[in-house]
Amino acid sequence: MTEARTINKWLIVITVMLPTIMEIIDTSVANVALPYMQGSLNAGTEEITWVLTSYLVSNAVVLPMTGWLARMFGRKRFLLTCISLFTISSILCGAAPNLGTLIFFRVLQGAAGGALIPISQAILLETFPPKQHGIAMAIFGVGAMTGPIVGPALGGWITDQMNWRWIFYINIPVGLIAVAMGTLFIFDPPYLREGMAKVLKVDYWGLVLLTVSMGGLQVVLDKGQQEDWFNSNFIISFSIITVVSLIALIWVELTHQQPIVNLRLFKSVSFSAGNLIMFVVGFGLYSSIMLIPMFLQTLMGYSATDAGMVMAPGGVATLLTMPFVGAMLQKRDGRKIVLTGLIISASAMFLMQGLNLQASYWAFVWPRIVLGVGLAMIFVPLTTVTLSGIARQEMGNATGVFNLLRNIGGSVGIAIAATLLSRLSQFYQTSLVSHITPYNQVFQMRLSELKQALIAKGMQAAQADHTAIGMLYGMVRKQAATLAYNRIFFIIGLAFLTIIPLLLLLKRPSHQTTPMEMH
């Protein structure tokens, strides 16, 4: 019996979930605080977005190399180092005197945080026997899926009530408790200790190419819309760098004896299909979580806190659904549960397609609750089914790649959603403006009503005429933006449905097989 088995598995669950939730919340907690940071750090709109981008870039670089780093340094040592570095860099982010230092410390924070999720996932899958992997992933999913929902609400409340610097300082007590619990309850399994004894040949080229390709891709996705995509030499240059370095990375990793990212895992059709499905799920999850608060704050006049409160019930729905999904996985085919989840998630997007500027609070909350249930039914079984055929020695690599695909899917989703929002708003505005003519009786009546109301308030007739036209133009812009949001929600719903055929490629892990077969 190994040391790890003498520890109560629920203590291990709490130990690995603390840093996981802390890291996932930190991915989105800064979003709502950007305007406040911009003011206090004297930064431009384009500059301040690097607070988010720098974190995501370093996160994306570290994610796929997590398994290799855990073998190199030992999983326990690496986990404790990451939690410590994450906590220290959080303190430094909160104390940053200017934008340059804040971005530098966010890079450190993202690098430390990138490894926390795959390590935690690998530890959970090894702590629980194969038959209970569904329960393990349900527990993990509670943190992973509610983080992006709790993050904006928590960030909004802290920013409104205290100061944006406290969104980083709140990590200090969580980090200290996680380090103490990790020291006491996490141990390296025998195969990892044996692997550490062997001298690993460092894959330097893989390390460089991974950093360049992931960094380049993230920059292209984050800055694409802002720079007008391929009309910009900046975006074209980074796209070429990304494509060339990705091709070189694939060749290097497939020929190296001890690659930093084990791409041979993709020989498994089930693993490849599962990763592709997770990419699209990330696309839908992160883009919808970005769009809903934007709709509420820019068109409906909600505050950051109120927008967060619209998102929160969806997180509660996820929390309540996941334990049931974990229990169902022990008896049911995981692929059928994923199918149900995809249909429910698509339905939620089609419900959001009907939202308008007169919608009540609950009109926004109900589709979020439906989406929360659907995502819970996708995340847990998909993770379990995708990783069920992976050997224990490769679990760190597999979880790293799996989480990377979800994050890249999220980045692609946000980039496409932002681009579509801008282009579709212009398209619908042009379409609506064509109806505003002197010959349109409805327009003339509405204009006259507004002018009379403004004159009644004491405004001069000429000024009232000008102001009324401006107000009507504002209404047209809002209506055009609403139509753009509705169309994007419809596209995300279709994306959930288009990946249903890929479920046929997933291999069903039989609950009657022996543990050896499960590996």
# chains A, B, ... in the order shown; residues from 1 in each chain; ligands from 1
call {"tool": "closest_atom_pairs", "arguments": {"of": "segment 254-298 of chain A", "to": "segment 359-368 of chain A", "cutoff": "10 Å", "atoms": "only C-alpha atoms", "output": "tab-separated table"}}
result
residue	atom	partner	partner_atom	distance
A:Ser288	CA	A:Arg368	CA	9.5
A:Ile289	CA	A:Arg368	CA	9.4
A:Ile292	CA	A:Phe364	CA	8.3
A:Leu296	CA	A:Phe364	CA	9.0
call {"tool": "write_last_selection", "arguments": {"atoms": "C-alpha atoms", "output": "PDB file, in the first residue's frame"}}
result
ATOM      1  CA  SER A 288     -21.757  32.892 -24.061  1.00  0.00           C
ATOM      2  CA  ILE A 289     -20.282  33.872 -20.681  1.00  0.00           C
ATOM      3  CA  ILE A 292     -24.440  37.785 -21.628  1.00  0.00           C
ATOM      4  CA  LEU A 296     -26.765  43.342 -19.815  1.00  0.00           C
TER       5      LEU A 296
END
call {"tool": "closest_atom_pairs", "arguments": {"of": "segment 270-354 of chain A", "to": "segment 376-379 of chain A", "cutoff": "12 Å", "atoms": "only C-alpha atoms", "output": "Markdown table"}}
result
| residue | atom | partner | partner_atom | distance |
| --- | --- | --- | --- | --- |
| A:Gly274 | CA | A:Phe379 | CA | 10.6 |
| A:Asn275 | CA | A:Phe379 | CA | 11.5 |
| A:Ile277 | CA | A:Ile378 | CA | 9.5 |
| A:Met278 | CA | A:Phe379 | CA | 8.0 |
| A:Phe279 | CA | A:Phe379 | CA | 11.4 |
| A:Val280 | CA | A:Ile378 | CA | 11.3 |
| A:Val281 | CA | A:Ile378 | CA | 8.2 |
| A:Gly282 | CA | A:Phe379 | CA | 9.9 |
| A:Gly284 | CA | A:Ile378 | CA | 11.9 |
| A:Leu285 | CA | A:Phe379 | CA | 10.7 |
| A:Gly314 | CA | A:Ala376 | CA | 10.3 |
| A:Gly315 | CA | A:Ala376 | CA | 9.6 |
| A:Val316 | CA | A:Ala376 | CA | 10.7 |
| A:Ala317 | CA | A:Ala376 | CA | 8.4 |
| A:Thr318 | CA | A:Ala376 | CA | 5.3 |
| A:Leu319 | CA | A:Ala376 | CA | 8.0 |
| A:Leu320 | CA | A:Ala376 | CA | 9.0 |
| A:Thr321 | CA | A:Ala376 | CA | 6.2 |
| A:Met322 | CA | A:Ala376 | CA | 5.4 |
| A:Pro323 | CA | A:Ala376 | CA | 9.2 |
| A:Phe324 | CA | A:Met377 | CA | 9.2 |
| A:Val325 | CA | A:Met377 | CA | 6.3 |
| A:Gly326 | CA | A:Met377 | CA | 9.1 |
| A:Ala327 | CA | A:Met377 | CA | 11.5 |
| A:Met328 | CA | A:Met377 | CA | 10.0 |
| A:Leu329 | CA | A:Met377 | CA | 10.1 |
| A:Gly334 | CA | A:Ile378 | CA | 9.0 |
| A:Arg335 | CA | A:Ile378 | CA | 9.0 |
| A:Lys336 | CA | A:Met377 | CA | 9.6 |
| A:Ile337 | CA | A:Met377 | CA | 6.0 |
| A:Val338 | CA | A:Ile378 | CA | 4.5 |
| A:Leu339 | CA | A:Ile378 | CA | 7.7 |
| A:Thr340 | CA | A:Met377 | CA | 7.1 |
| A:Gly341 | CA | A:Met377 | CA | 4.6 |
| A:Leu342 | CA | A:Ile378 | CA | 6.6 |
| A:Ile343 | CA | A:Ile378 | CA | 9.9 |
| A:Ile344 | CA | A:Met377 | CA | 8.8 |
| A:Ser345 | CA | A:Ile378 | CA | 8.9 |
| A:Ala346 | CA | A:Ile378 | CA | 11.7 |
call {"tool": "closest_residue", "arguments": {"among": "A:Ala398, A:Gly94, A:Gly156, A:Thr384", "to": "Tyr302 of chain A", "atoms": "only C-alpha atoms"}}
result
A:Gly156
call {"tool": "closest_atom_pairs", "arguments": {"of": "segment 185-293 of chain A", "to": "segment 76-82 of chain A", "cutoff": "8 Å", "atoms": "only C-alpha atoms", "output": "CSV"}}
result
residue,atom,partner,partner_atom,distance
A:Ile186,CA,A:Lys76,CA,6.2
A:Phe187,CA,A:Lys76,CA,6.0
A:Asp188,CA,A:Lys76,CA,6.0
call {"tool": "residues_around", "arguments": {"residues": "Leu102 of chain A", "least_positions_apart": "6", "cutoff": "9 Å", "atoms": "only C-alpha atoms", "output": "PyMOL selection string"}}
result
chain A and resi 51+92-96
call {"tool": "closest_residue", "arguments": {"among": "A:Leu506, A:Leu210, A:Leu420, A:Leu221", "to": "Ala248 of chain A", "atoms": "only C-alpha atoms"}}
result
A:Leu210
call {"tool": "atom_distance", "arguments": {"atom1": "atom CA of Ile500 of chain A", "atom2": "atom CA of Leu405 of chain A"}}
result
17.6 Å
call {"tool": "atom_distance", "arguments": {"atom1": "atom CA of Val61 of chain A", "atom2": "atom CA of Gly410 of chain A"}}
result
15.1 Å
call {"tool": "closest_residue", "arguments": {"among": "A:Ile488, A:Val476, A:Val370, A:Leu52", "to": "Ser434 of chain A", "atoms": "only C-alpha atoms"}}
result
A:Val476
call {"tool": "decode", "arguments": {"residues": "segment 343-361 of chain A", "atoms": "N, CA and C atoms", "output": "PDB file, in the first residue's frame"}}
result
ATOM      1  N   ILE A 343     -27.892  18.744 -26.434  1.00  0.00           N
ATOM      2  CA  ILE A 343     -29.229  19.175 -26.867  1.00  0.00           C
ATOM      3  C   ILE A 343     -29.783  20.239 -25.922  1.00  0.00           C
ATOM      4  N   ILE A 344     -29.593  20.036 -24.593  1.00  0.00           N
ATOM      5  CA  ILE A 344     -30.075  21.018 -23.598  1.00  0.00           C
ATOM      6  C   ILE A 344     -29.336  22.346 -23.758  1.00  0.00           C
ATOM      7  N   SER A 345     -28.005  22.284 -23.966  1.00  0.00           N
ATOM      8  CA  SER A 345     -27.202  23.506 -24.125  1.00  0.00           C
ATOM      9  C   SER A 345     -27.618  24.268 -25.390  1.00  0.00           C
ATOM     10  N   ALA A 346     -27.850  23.521 -26.470  1.00  0.00           N
ATOM     11  CA  ALA A 346     -28.310  24.155 -27.715  1.00  0.00           C
ATOM     12  C   ALA A 346     -29.674  24.818 -27.499  1.00  0.00           C
ATOM     13  N   SER A 347     -30.562  24.146 -26.747  1.00  0.00           N
ATOM     14  CA  SER A 347     -31.893  24.702 -26.451  1.00  0.00           C
ATOM     15  C   SER A 347     -31.776  26.013 -25.677  1.00  0.00           C
ATOM     16  N   ALA A 348     -30.815  26.068 -24.729  1.00  0.00           N
ATOM     17  CA  ALA A 348     -30.600  27.291 -23.943  1.00  0.00           C
ATOM     18  C   ALA A 348     -30.185  28.447 -24.850  1.00  0.00           C
ATOM     19  N   MET A 349     -29.315  28.141 -25.822  1.00  0.00           N
ATOM     20  CA  MET A 349     -28.877  29.182 -26.764  1.00  0.00           C
ATOM     21  C   MET A 349     -30.040  29.666 -27.639  1.00  0.00           C
ATOM     22  N   PHE A 350     -30.905  28.730 -28.040  1.00  0.00           N
ATOM     23  CA  PHE A 350     -32.055  29.116 -28.867  1.00  0.00           C
ATOM     24  C   PHE A 350     -33.058  29.944 -28.049  1.00  0.00           C
ATOM     25  N   LEU A 351     -33.140  29.687 -26.722  1.00  0.00           N
ATOM     26  CA  LEU A 351     -33.978  30.519 -25.839  1.00  0.00           C
ATOM     27  C   LEU A 351     -33.417  31.941 -25.773  1.00  0.00           C
ATOM     28  N   MET A 352     -32.076  32.037 -25.666  1.00  0.00           N
ATOM     29  CA  MET A 352     -31.433  33.359 -25.594  1.00  0.00           C
ATOM     30  C   MET A 352     -31.612  34.142 -26.899  1.00  0.00           C
ATOM     31  N   GLN A 353     -31.826  33.412 -27.979  1.00  0.00           N
ATOM     32  CA  GLN A 353     -32.017  34.052 -29.280  1.00  0.00           C
ATOM     33  C   GLN A 353     -33.254  34.950 -29.277  1.00  0.00           C
ATOM     34  N   GLY A 354     -34.186  34.703 -28.343  1.00  0.00           N
ATOM     35  CA  GLY A 354     -35.423  35.493 -28.298  1.00  0.00           C
ATOM     36  C   GLY A 354     -35.363  36.681 -27.351  1.00  0.00           C
ATOM     37  N   LEU A 355     -34.198  36.969 -26.747  1.00  0.00           N
ATOM     38  CA  LEU A 355     -34.096  38.068 -25.776  1.00  0.00           C
ATOM     39  C   LEU A 355     -34.217  39.424 -26.463  1.00  0.00           C
ATOM     40  N   ASN A 356     -34.839  40.382 -25.761  1.00  0.00           N
ATOM     41  CA  ASN A 356     -34.970  41.741 -26.313  1.00  0.00           C
ATOM     42  C   ASN A 356     -34.748  42.764 -25.206  1.00  0.00           C
ATOM     43  N   LEU A 357     -34.857  44.047 -25.577  1.00  0.00           N
ATOM     44  CA  LEU A 357     -34.544  45.139 -24.640  1.00  0.00           C
ATOM     45  C   LEU A 357     -35.625  45.344 -23.578  1.00  0.00           C
ATOM     46  N   GLN A 358     -36.766  44.672 -23.728  1.00  0.00           N
ATOM     47  CA  GLN A 358     -37.828  44.770 -22.711  1.00  0.00           C
ATOM     48  C   GLN A 358     -37.820  43.562 -21.774  1.00  0.00           C
ATOM     49  N   ALA A 359     -36.860  42.668 -21.935  1.00  0.00           N
ATOM     50  CA  ALA A 359     -36.825  41.417 -21.167  1.00  0.00           C
ATOM     51  C   ALA A 359     -36.573  41.689 -19.684  1.00  0.00           C
ATOM     52  N   SER A 360     -37.209  40.875 -18.833  1.00  0.00           N
ATOM     53  CA  SER A 360     -37.044  41.016 -17.384  1.00  0.00           C
ATOM     54  C   SER A 360     -35.789  40.262 -16.914  1.00  0.00           C
ATOM     55  N   TYR A 361     -35.459  40.406 -15.642  1.00  0.00           N
ATOM     56  CA  TYR A 361     -34.326  39.709 -15.025  1.00  0.00           C
ATOM     57  C   TYR A 361     -34.436  38.199 -15.244  1.00  0.00           C
TER      58      TYR A 361
END
